[in-house]
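Below is start10.cif, which holds mmCIF, C-alpha atoms.
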data_start
#
loop_
_atom_site.label_atom_id
_atom_site.label_comp_id
_atom_site.auth_asym_id
_atom_site.auth_seq_id
_atom_site.Cartn_x
_atom_site.Cartn_y
_atom_site.Cartn_z
CA MET A 1 130.44 -78.38 159.74
CA ASN A 2 132.47 -81.45 160.57
CA GLY A 3 134.89 -79.50 162.71
CA VAL A 4 137.28 -80.53 165.44
CA HIS A 5 134.90 -78.91 167.94
CA ASP A 6 132.58 -81.91 167.42
CA MET A 7 134.56 -84.01 169.87
CA GLY A 8 132.16 -86.67 171.09
CA GLY A 9 133.76 -90.11 170.79
CA MET A 10 137.29 -89.01 169.86
CA HIS A 11 140.23 -90.89 171.35
CA GLY A 12 143.68 -89.79 172.40
CA LEU A 13 143.01 -86.46 174.06
CA GLY A 14 144.20 -87.67 177.45
CA PRO A 15 142.87 -87.96 180.99
CA VAL A 16 140.29 -85.69 182.55
CA GLN A 17 142.16 -83.60 185.08
CA ILE A 18 140.17 -81.72 187.69
CA GLU A 19 141.97 -78.83 189.34
CA ARG A 20 141.22 -78.55 193.04
CA ASP A 21 139.90 -75.17 194.24
CA GLU A 22 140.01 -73.90 190.70
CA PRO A 23 139.58 -70.12 190.32
CA VAL A 24 136.86 -68.81 188.00
CA PHE A 25 139.57 -67.26 185.83
CA HIS A 26 143.25 -68.19 185.70
CA HIS A 27 144.58 -64.97 184.15
CA GLU A 28 143.53 -61.36 183.92
CA TRP A 29 143.29 -61.67 180.13
CA GLU A 30 140.69 -64.44 180.57
CA ARG A 31 138.52 -62.09 182.61
CA ARG A 32 138.80 -59.40 179.98
CA ALA A 33 138.28 -61.78 177.01
CA PHE A 34 135.18 -63.20 178.69
CA ALA A 35 133.72 -59.77 179.39
CA LEU A 36 134.66 -58.31 176.00
CA THR A 37 132.88 -61.18 174.29
CA MET A 38 129.79 -60.81 176.46
CA ALA A 39 129.64 -57.02 176.14
CA SER A 40 130.23 -57.13 172.38
CA GLY A 41 127.46 -59.71 172.05
CA PHE A 42 125.02 -57.27 173.63
CA ILE A 43 125.63 -54.82 170.76
CA GLY A 44 123.27 -57.20 168.98
CA GLU A 45 125.07 -57.60 165.69
CA TRP A 46 125.16 -61.39 166.00
CA ASN A 47 123.31 -64.11 167.84
CA ILE A 48 124.61 -66.99 169.98
CA ASP A 49 124.56 -69.46 167.10
CA MET A 50 126.63 -67.11 164.95
CA GLY A 51 128.97 -66.78 167.92
CA ARG A 52 129.43 -70.54 168.17
CA PHE A 53 129.91 -70.85 164.40
CA ALA A 54 132.61 -68.17 164.49
CA ARG A 55 134.58 -70.16 167.09
CA GLU A 56 134.17 -73.33 165.05
CA GLN A 57 136.07 -71.62 162.21
CA MET A 58 139.31 -71.74 164.17
CA PRO A 59 141.75 -74.03 162.31
CA PRO A 60 141.64 -77.49 163.93
CA GLY A 61 145.30 -77.64 164.95
CA GLU A 62 145.02 -74.28 166.63
CA TYR A 63 141.72 -75.19 168.30
CA LEU A 64 143.28 -78.23 169.94
CA GLN A 65 146.29 -76.29 171.19
CA THR A 66 144.46 -73.32 172.65
CA THR A 67 142.15 -72.78 175.59
CA TYR A 68 138.49 -71.95 175.88
CA TYR A 69 138.84 -68.18 176.11
CA GLU A 70 141.29 -68.18 173.22
CA HIS A 71 138.50 -69.81 171.19
CA TRP A 72 136.22 -67.02 172.36
CA LEU A 73 138.77 -64.38 171.38
CA PHE A 74 139.18 -65.91 167.93
CA GLY A 75 135.41 -65.87 167.42
CA LEU A 76 135.08 -62.31 168.66
CA LEU A 77 137.79 -60.94 166.36
CA ARG A 78 136.20 -62.70 163.44
CA LEU A 79 132.70 -61.39 164.17
CA LEU A 80 133.91 -57.83 164.73
CA GLU A 81 135.44 -57.91 161.28
CA GLU A 82 132.58 -59.74 159.55
CA ARG A 83 129.98 -57.35 160.90
CA GLY A 84 132.04 -54.31 159.95
CA LEU A 85 132.37 -53.10 163.54
CA VAL A 86 136.16 -52.93 163.33
CA PRO A 87 138.16 -52.60 160.10
CA ARG A 88 140.42 -55.50 159.24
CA ALA A 89 143.55 -53.34 159.36
CA GLU A 90 142.84 -52.34 162.96
CA LEU A 91 142.18 -55.94 163.97
CA GLU A 92 145.50 -56.97 162.42
CA VAL A 93 147.24 -54.48 164.69
CA CYS A 94 145.33 -55.92 167.66
CA ARG A 95 146.26 -59.47 166.75
CA ARG A 96 149.89 -58.43 166.99
CA GLY A 97 149.14 -57.09 170.45
CA ALA A 98 149.83 -53.50 169.50
CA ALA A 99 147.75 -50.40 170.15
CA VAL A 100 145.81 -48.90 167.25
CA ALA A 101 146.98 -45.30 167.00
CA ARG A 102 143.96 -43.51 165.54
CA PRO A 103 141.03 -45.91 165.36
CA GLN A 104 138.12 -45.05 163.10
CA PRO A 105 135.02 -44.10 165.08
CA ALA A 106 132.33 -46.76 165.31
CA ARG A 107 129.29 -46.24 163.15
CA PRO A 108 126.58 -44.32 165.01
CA GLY A 109 123.47 -45.81 166.55
CA LEU A 110 124.98 -48.98 167.99
CA ARG A 111 123.62 -50.31 171.28
CA VAL A 112 126.20 -50.34 174.06
CA LEU A 113 125.54 -52.15 177.33
CA ARG A 114 125.97 -49.80 180.31
CA PRO A 115 126.72 -50.86 183.89
CA PRO A 116 123.21 -50.17 185.27
CA ASP A 117 121.74 -52.52 182.65
CA VAL A 118 124.12 -55.43 183.21
CA GLU A 119 122.12 -57.20 185.88
CA LYS A 120 118.88 -57.01 183.93
CA ALA A 121 120.60 -58.17 180.74
CA LEU A 122 122.08 -61.21 182.49
CA ARG A 123 118.82 -62.11 184.24
CA ASN A 124 117.02 -62.42 180.94
CA ARG A 125 114.64 -65.38 181.08
CA HIS A 126 113.89 -65.81 177.41
CA ALA A 127 116.47 -66.83 174.87
CA ALA A 128 115.98 -69.66 172.43
CA ARG A 129 112.48 -70.85 173.39
CA CYS A 130 109.74 -69.69 171.01
CA ASP A 131 106.02 -69.18 171.49
CA ASP A 132 105.21 -70.15 167.92
CA PRO A 133 102.45 -72.78 167.74
CA VAL A 134 104.51 -75.26 165.75
CA PRO A 135 103.13 -78.83 165.93
CA PRO A 136 105.58 -81.53 167.04
CA LYS A 137 106.58 -84.19 164.52
CA PHE A 138 107.30 -86.74 167.25
CA LYS A 139 106.21 -87.64 170.75
CA ALA A 140 107.79 -89.38 173.70
CA GLY A 141 108.29 -93.07 172.95
CA ASP A 142 108.66 -92.66 169.18
CA THR A 143 111.63 -94.36 167.58
CA VAL A 144 113.61 -91.96 165.41
CA THR A 145 116.78 -91.93 163.32
CA ALA A 146 119.14 -88.98 163.39
CA LYS A 147 119.71 -87.89 159.80
CA ASN A 148 123.00 -88.70 158.17
CA VAL A 149 123.86 -85.26 156.87
CA ASN A 150 127.13 -83.35 156.69
CA PRO A 151 126.28 -79.66 156.36
CA LEU A 152 129.13 -77.23 155.74
CA VAL A 153 127.35 -74.73 157.97
CA HIS A 154 126.80 -74.59 161.72
CA THR A 155 124.82 -77.50 163.15
CA ARG A 156 124.14 -78.93 166.60
CA LEU A 157 123.74 -82.46 165.27
CA PRO A 158 126.90 -84.21 166.51
CA ARG A 159 128.60 -86.65 164.15
CA TYR A 160 128.43 -89.50 166.64
CA VAL A 161 124.61 -89.76 166.44
CA ARG A 162 124.16 -89.32 162.69
CA GLY A 163 122.44 -92.33 161.17
CA ARG A 164 121.80 -93.78 164.64
CA ARG A 165 118.47 -94.85 165.99
CA GLY A 166 117.07 -93.60 169.27
CA VAL A 167 113.87 -93.14 171.23
CA VAL A 168 112.28 -89.80 172.04
CA ASP A 169 112.48 -89.40 175.81
CA ARG A 170 110.69 -86.06 176.09
CA ASP A 171 109.56 -83.08 174.05
CA HIS A 172 111.18 -79.88 175.36
CA GLY A 173 108.93 -77.58 173.31
CA VAL A 174 109.64 -75.14 170.47
CA PHE A 175 113.06 -73.53 170.05
CA ILE A 176 115.06 -71.52 167.52
CA PHE A 177 116.75 -73.80 164.96
CA PRO A 178 120.49 -73.05 165.20
CA ASP A 179 121.43 -74.11 161.66
CA ALA A 180 119.16 -71.41 160.21
CA HIS A 181 119.84 -68.88 162.96
CA ALA A 182 123.63 -69.09 162.56
CA ALA A 183 123.25 -68.41 158.84
CA GLY A 184 121.07 -65.33 159.37
CA GLN A 185 118.04 -67.15 157.97
CA GLY A 186 115.67 -66.49 160.83
CA LYS A 187 114.50 -68.64 163.70
CA LYS A 188 112.78 -71.51 161.87
CA PRO A 189 111.14 -72.52 165.18
CA GLN A 190 110.60 -76.22 165.79
CA HIS A 191 110.41 -78.80 168.56
CA VAL A 192 113.47 -80.04 170.40
CA TYR A 193 113.46 -83.50 171.93
CA SER A 194 115.72 -85.34 174.24
CA VAL A 195 116.52 -88.48 172.28
CA ARG A 196 117.86 -91.53 174.09
CA PHE A 197 120.51 -93.48 172.20
CA ALA A 198 121.59 -96.81 173.64
CA ALA A 199 125.35 -96.86 174.20
CA ARG A 200 125.61 -99.97 172.00
CA GLU A 201 123.73 -98.29 169.15
CA LEU A 202 126.36 -95.54 169.18
CA TRP A 203 129.54 -97.40 170.06
CA GLY A 204 128.99 -101.07 169.22
CA PRO A 205 128.95 -104.31 171.19
CA ASP A 206 131.81 -103.39 173.54
CA ALA A 207 129.73 -100.64 175.14
CA SER A 208 127.59 -101.24 178.21
CA ALA A 209 124.23 -102.84 177.46
CA ARG A 210 122.68 -100.69 180.16
CA ASP A 211 123.98 -97.19 179.44
CA ALA A 212 122.63 -94.48 177.17
CA VAL A 213 123.40 -91.01 175.83
CA TYR A 214 120.64 -88.41 175.69
CA VAL A 215 121.04 -85.79 172.97
CA ASP A 216 118.80 -82.74 172.41
CA LEU A 217 117.76 -82.75 168.77
CA TRP A 218 115.45 -80.64 166.62
CA ASP A 219 112.69 -81.91 164.29
CA ASP A 220 114.82 -81.13 161.23
CA TYR A 221 117.52 -83.54 162.44
CA LEU A 222 115.19 -86.51 162.79
CA ASP A 223 113.38 -89.07 160.66
CA ARG A 224 110.81 -91.55 161.84
CA ALA A 225 112.55 -94.92 162.12
CA MET B 1 143.30 -45.80 176.84
CA THR B 2 140.53 -45.24 179.33
CA HIS B 3 141.03 -48.35 181.41
CA ASP B 4 144.25 -49.45 182.98
CA HIS B 5 145.33 -52.94 183.91
CA GLU B 6 146.72 -52.51 187.35
CA HIS B 7 145.44 -55.97 188.26
CA ASP B 8 147.09 -57.72 185.34
CA HIS B 9 148.69 -60.95 186.51
CA ASP B 10 150.03 -62.12 183.17
CA HIS B 11 153.76 -61.97 183.54
CA GLU B 12 154.73 -65.17 181.74
CA GLU B 13 157.47 -63.54 179.68
CA GLY B 14 157.79 -65.00 176.19
CA SER B 15 155.05 -67.59 176.62
CA PRO B 16 152.02 -67.83 174.31
CA LEU B 17 149.92 -66.49 177.18
CA THR B 18 151.73 -63.19 177.10
CA GLU B 19 150.98 -62.89 173.41
CA THR B 20 147.31 -63.57 174.08
CA ALA B 21 147.27 -61.19 177.03
CA LEU B 22 148.72 -58.41 174.86
CA ARG B 23 146.17 -59.14 172.16
CA VAL B 24 143.28 -58.94 174.60
CA ARG B 25 144.61 -55.72 176.08
CA ALA B 26 144.94 -54.18 172.61
CA LEU B 27 141.42 -55.27 171.71
CA GLU B 28 139.94 -53.87 174.88
CA SER B 29 141.63 -50.50 174.28
CA LEU B 30 140.38 -50.43 170.74
CA LEU B 31 136.77 -51.31 171.55
CA VAL B 32 136.68 -48.85 174.44
CA ASP B 33 138.21 -46.08 172.29
CA LYS B 34 135.57 -46.73 169.64
CA GLY B 35 132.83 -46.59 172.24
CA LEU B 36 131.68 -50.14 171.44
CA VAL B 37 132.12 -51.37 175.01
CA ASP B 38 132.05 -49.59 178.35
CA PRO B 39 134.98 -50.61 180.60
CA LYS B 40 132.76 -50.41 183.68
CA THR B 41 130.39 -52.83 182.03
CA LEU B 42 133.29 -55.25 181.60
CA ASP B 43 134.08 -54.95 185.31
CA ALA B 44 130.43 -55.58 186.21
CA LEU B 45 130.25 -58.67 184.00
CA ILE B 46 133.42 -60.10 185.53
CA ASP B 47 132.32 -59.32 189.06
CA THR B 48 128.97 -61.05 188.50
CA TYR B 49 130.52 -64.36 187.50
CA GLU B 50 133.51 -64.16 189.78
CA THR B 51 131.71 -63.25 193.00
CA LYS B 52 127.92 -63.52 192.68
CA VAL B 53 126.96 -66.44 190.48
CA GLY B 54 128.48 -69.83 191.20
CA PRO B 55 127.94 -73.38 192.43
CA ARG B 56 126.70 -72.17 195.84
CA ASN B 57 123.46 -71.38 193.99
CA GLY B 58 123.07 -74.92 192.74
CA ALA B 59 123.97 -76.28 196.17
CA ARG B 60 121.05 -74.31 197.60
CA VAL B 61 118.70 -75.92 195.05
CA VAL B 62 119.97 -79.40 195.90
CA ALA B 63 119.76 -78.84 199.66
CA ARG B 64 116.19 -77.58 199.33
CA ALA B 65 115.22 -80.60 197.23
CA TRP B 66 116.77 -82.99 199.77
CA ARG B 67 114.80 -81.47 202.64
CA ASP B 68 111.53 -80.60 200.97
CA PRO B 69 109.80 -83.42 199.03
CA ALA B 70 107.26 -81.04 197.47
CA TYR B 71 110.11 -78.84 196.20
CA LYS B 72 111.91 -81.86 194.81
CA THR B 73 108.75 -82.89 192.95
CA ARG B 74 108.48 -79.40 191.45
CA LEU B 75 112.19 -79.37 190.58
CA LEU B 76 112.00 -82.65 188.68
CA ALA B 77 108.78 -81.64 186.93
CA ASP B 78 109.74 -78.06 185.99
CA ALA B 79 113.30 -77.20 186.96
CA THR B 80 113.22 -73.72 185.42
CA SER B 81 110.37 -72.59 187.67
CA ALA B 82 111.59 -74.41 190.77
CA ILE B 83 115.08 -72.91 190.45
CA ALA B 84 113.59 -69.46 189.79
CA GLU B 85 111.75 -69.78 193.13
CA LEU B 86 115.18 -69.38 194.73
CA GLY B 87 115.98 -66.39 192.51
CA PHE B 88 118.40 -68.16 190.18
CA ILE B 89 117.49 -67.16 186.64
CA GLY B 90 119.11 -65.82 183.54
CA ARG B 91 121.63 -66.29 180.85
CA GLN B 92 122.61 -69.89 180.02
CA GLY B 93 119.93 -71.15 182.39
CA GLU B 94 116.77 -69.96 180.69
CA ASP B 95 115.50 -73.52 180.28
CA MET B 96 116.59 -75.93 182.98
CA VAL B 97 116.19 -79.68 183.47
CA ALA B 98 116.99 -81.47 186.75
CA LEU B 99 118.20 -85.09 186.71
CA GLU B 100 117.90 -87.21 189.82
CA ASN B 101 120.71 -89.62 190.65
CA THR B 102 119.57 -92.78 192.41
CA PRO B 103 121.22 -96.12 193.27
CA LYS B 104 119.89 -97.38 189.92
CA VAL B 105 120.52 -94.40 187.63
CA HIS B 106 123.65 -92.23 187.46
CA ASN B 107 123.32 -89.07 185.36
CA MET B 108 126.24 -86.99 184.11
CA VAL B 109 126.28 -83.91 181.90
CA VAL B 110 128.56 -82.84 179.05
CA CYS B 111 128.54 -80.52 176.06
CA THR B 112 130.52 -82.29 173.35
CA LEU B 113 130.17 -79.43 170.81
CA CYS B 114 131.29 -76.47 172.91
CA SER B 115 130.92 -76.17 176.66
CA CYS B 116 127.29 -75.37 177.46
CA TYR B 117 126.78 -75.22 181.20
CA PRO B 118 124.03 -73.96 183.57
CA TRP B 119 125.54 -70.60 184.56
CA PRO B 120 122.84 -69.36 186.99
CA VAL B 121 123.25 -72.41 189.23
CA LEU B 122 126.88 -73.45 188.68
CA GLY B 123 128.62 -70.30 187.45
CA LEU B 124 131.15 -70.47 184.61
CA PRO B 125 132.41 -73.94 183.70
CA PRO B 126 135.71 -75.28 185.04
CA VAL B 127 138.59 -75.98 182.67
CA TRP B 128 138.20 -79.76 182.75
CA TYR B 129 134.54 -79.50 181.66
CA LYS B 130 135.62 -77.39 178.66
CA SER B 131 138.56 -79.62 177.80
CA GLY B 132 138.95 -82.06 174.92
CA PRO B 133 139.41 -85.07 177.19
CA TYR B 134 136.05 -84.65 178.93
CA ARG B 135 134.09 -83.55 175.86
CA SER B 136 135.43 -86.47 173.80
CA ARG B 137 135.25 -89.23 176.38
CA ALA B 138 132.14 -88.55 178.45
CA VAL B 139 129.83 -89.95 175.78
CA ILE B 140 131.90 -92.95 174.63
CA GLU B 141 133.34 -94.17 177.93
CA PRO B 142 131.47 -92.53 180.78
CA ARG B 143 132.29 -95.34 183.19
CA GLY B 144 135.99 -94.97 182.46
CA VAL B 145 135.86 -91.24 183.08
CA LEU B 146 133.89 -91.74 186.30
CA ARG B 147 136.32 -94.42 187.49
CA GLU B 148 139.28 -92.10 186.87
CA LEU B 149 137.52 -89.42 188.88
CA GLY B 150 136.95 -91.83 191.74
CA VAL B 151 133.29 -92.63 191.14
CA ALA B 152 132.58 -96.36 191.11
CA VAL B 153 129.33 -97.17 189.35
CA ALA B 154 127.88 -100.64 189.94
CA ASP B 155 127.31 -102.85 186.90
CA ASP B 156 123.58 -102.85 187.51
CA THR B 157 123.40 -99.06 187.71
CA GLU B 158 122.48 -97.37 184.45
CA VAL B 159 124.70 -94.49 183.34
CA ARG B 160 122.90 -91.74 181.46
CA VAL B 161 125.04 -89.09 179.77
CA TRP B 162 123.26 -85.88 178.77
CA ASP B 163 124.87 -84.02 175.86
CA SER B 164 123.77 -80.37 176.04
CA THR B 165 123.45 -79.86 172.28
CA ALA B 166 120.49 -77.44 172.50
CA GLU B 167 119.60 -74.58 174.86
CA LEU B 168 118.41 -76.86 177.68
CA ARG B 169 120.76 -76.78 180.65
CA TYR B 170 121.08 -79.69 183.04
CA LEU B 171 121.56 -79.87 186.80
CA VAL B 172 122.20 -83.21 188.47
CA LEU B 173 120.45 -83.77 191.79
CA PRO B 174 123.01 -85.95 193.56
CA GLU B 175 122.07 -88.68 196.02
CA ARG B 176 121.73 -87.39 199.55
CA PRO B 177 124.51 -89.02 201.57
CA LYS B 178 123.93 -91.07 204.66
CA GLY B 179 124.60 -89.35 207.96
CA THR B 180 122.75 -86.16 207.04
CA GLU B 181 119.40 -86.98 208.61
CA GLY B 182 117.93 -83.94 210.34
CA TRP B 183 120.47 -81.48 208.89
CA SER B 184 119.33 -77.96 208.08
CA GLU B 185 119.27 -76.64 204.53
CA ASP B 186 122.37 -74.53 205.23
CA GLU B 187 124.25 -77.55 206.56
CA LEU B 188 123.25 -79.65 203.57
CA ALA B 189 124.21 -76.90 201.09
CA GLU B 190 127.71 -76.87 202.63
CA ILE B 191 128.47 -80.41 201.46
CA VAL B 192 127.07 -80.15 197.92
CA THR B 193 129.93 -79.87 195.45
CA ARG B 194 130.01 -78.42 191.96
CA ASP B 195 131.17 -81.70 190.45
CA SER B 196 128.36 -83.67 192.11
CA MET B 197 125.90 -81.41 190.29
CA ILE B 198 127.59 -82.21 186.96
CA GLY B 199 127.42 -85.90 187.82
CA VAL B 200 131.13 -86.71 188.12
CA GLU B 201 131.35 -86.90 191.91
CA ARG B 202 129.42 -88.66 194.65
CA ILE B 203 129.03 -86.96 197.98
CA PRO B 204 130.38 -89.39 200.59
CA PRO B 205 128.54 -90.42 203.76
CA GLN B 206 128.94 -87.80 206.48
CA THR B 207 130.01 -88.43 210.04
CA ARG B 208 129.68 -84.90 211.41
CA LYS B 209 128.05 -81.64 210.49
CA PRO B 210 130.12 -79.13 208.49
#

Rewrite the structure from the file as structure tokens, please.
Amino acid sequence: MNGVHDMGGMHGLGPVQIERDEPVFHHEWERRAFALTMASGFIGEWNIDMGRFAREQMPPGEYLQTTYYEHWLFGLLRLLEERGLVPRAELEVCRRGAAVARPQPARPGLRVLRPPDVEKALRNRHAARCDDPVPPKFKAGDTVTAKNVNPLVHTRLPRYVRGRRGVVDRDHGVFIFPDAHAAGQGKKPQHVYSVRFAARELWGPDASARDAVYVDLWDDYLDRA
Amino acid sequence: MTHDHEHDHDHEEGSPLTETALRVRALESLLVDKGLVDPKTLDALIDTYETKVGPRNGARVVARAWRDPAYKTRLLADATSAIAELGFIGRQGEDMVALENTPKVHNMVVCTLCSCYPWPVLGLPPVWYKSGPYRSRAVIEPRGVLRELGVAVADDTEVRVWDSTAELRYLVLPERPKGTEGWSEDELAEIVTRDSMIGVERIPPQTRKP
């Protein structure tokens, strides 16, 4: 979707301000929102691409005025409702910051991450990479064009490269395709490449002739140029 | 409620943060009451990323690569395996790529679409990395961003911006500063900063050991 989250190339958002000796979290609620999102994710009712898509649904004005963990909280509340883990009425009470008096019990058989399993769960070494023997469509050195498409669904093809021509820098191997995965349509495994786009191809003649942006793109996003 | 908030620091009365803090507290109570999350699991997750996983891990990787040419070769060829040699593996770092900064090539890393970041080596991302200004500007005016952050890049140096749109996670291997000849790995790790491993800081020449 062409959401406000797709920020590459926007103007007017201000200077980059680095906070010295920044803490990992600035508020207790950030700690809890982070951990609630992680722990809820381990229930296994959604995948990471569905998680990102849920955050992208935040209305654009609100997205720009809120912080990272507020985006996470928005996505979490949405997924809990969509997957039927928490009834809408209870979430409405939560959104007002009030306690739910007599919550309905969760449906039985759900997987809950326990403290002894946390370390192992976080040290997982396999996520989006697939073993499927899918042949690559391109190889390093090939010239490709990023498709000019505007899907309403989740995609990891940023607007600023659509229709632009680049060169395959390297083939990273076979990965889950997020557009399908976010929609619950399976993994649709395919190759991901780092594609080098010259800064001038993306931004015009005022950009540096020397610089480039490398974007990781899947076979389905690319045409042979 | 099975978990109290004795450590709650959100006292900004009437601000939007208080509203959010109340919302998070209500949600935690609800999910705990339903048995969907275990409050001790939440504590363990927070503790991991607040005290165990952070940029000291990445600094160790960089220091090793600076001292050990064979390790550096392995790191640049297969960063996932080379970083795992030091025990740094896991979520949001399952597939790693290392990028070497040189006098001729300056690499910097962004995630324009969300805020993807190599957790096992750098921890959770700082606010500026997740912010609109960095995500919007890094790809269109990297030299301007670097200049603002105090990094002067020569005209004949190529700037490469890596947008983490997939599940690859990038670690910049900064240039080893002058004045560090003969330093131990521990001494080198001391001077490696988080921001140098994102590619928005250069480590200055050193005049004395840390």

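For the structure in this document, the set picked by the PyMOL selection byres ((chain B and resi 47) around 12) is Val24, Phe25, Arg31, Arg32, Phe34, Ala35, Pro115, Val118 and Glu119 of chain A; Lys40, Thr41, Leu42, Asp43, Ala44, Leu45, Ile46, Thr48, Tyr49, Glu50, Thr51, Lys52, Val53, Gly54 and Gly123 of chain B.
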
| request: Please evaluate the PyMOL selection byres ((chain A and resi 60-64) around 10) against the displayed coordinates and give the resulting residues as an MDAnalysis selection string. | output: (chainID A and resid 3:5 13 55:59 65:68 70:71 74) or (chainID B and resid 131:132)

| said: Running the PyMOL selection byres ((chain A and resi 128) around 6) on this model by hand, what would come out? Give it as JSON, numbers by chain. | reply: {"A": [127, 129, 175, 176]}

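Taking atom CA of Trp162 of chain B as the reference point, atom CA of Arg202 of chain B is found at 17.3 Å.
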
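Proximity of A:Leu113, A:Ala225, A:Leu122, A:Ala207 to Arg164 of chain A, computed with only C-alpha atoms, is greatest for A:Ala225.
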
What are the centre and the three edge lengths of an axis-aligned box that wraps all atoms of segment 35-41 of chain B in the file, given that 4 Å is added to every side, written as lines of an AutoDock Vina configuration file and rounded to one decimal in Å?
center_x = 132.7
center_y = -49.7
center_z = 177.6
size_x = 12.6
size_y = 14.2
size_z = 20.2

| request: Determine, counting only C-alpha atoms, which protein, DNA and RNA residues have an atom within 9 Å of an atom of Leu77 of chain A; residues of the same chain fewer than 4 positions away are not included. Present the result as a list in words. | output: Trp72, Leu73, Glu81, Glu82, Val86, Leu91 and Arg95 of chain A; Leu27 of chain B

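The smallest atom-to-atom distance between Leu80 of chain A and any of B:Glu141, B:Glu190, B:Leu31, B:Pro39, using all atoms listed in the file, is found for B:Leu31.
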
| said: To one decimal place in Å, what is the distance between atom CA of Ala182 of chain A and atom CA of Cys130 of chain A? | reply: 16.3 Å
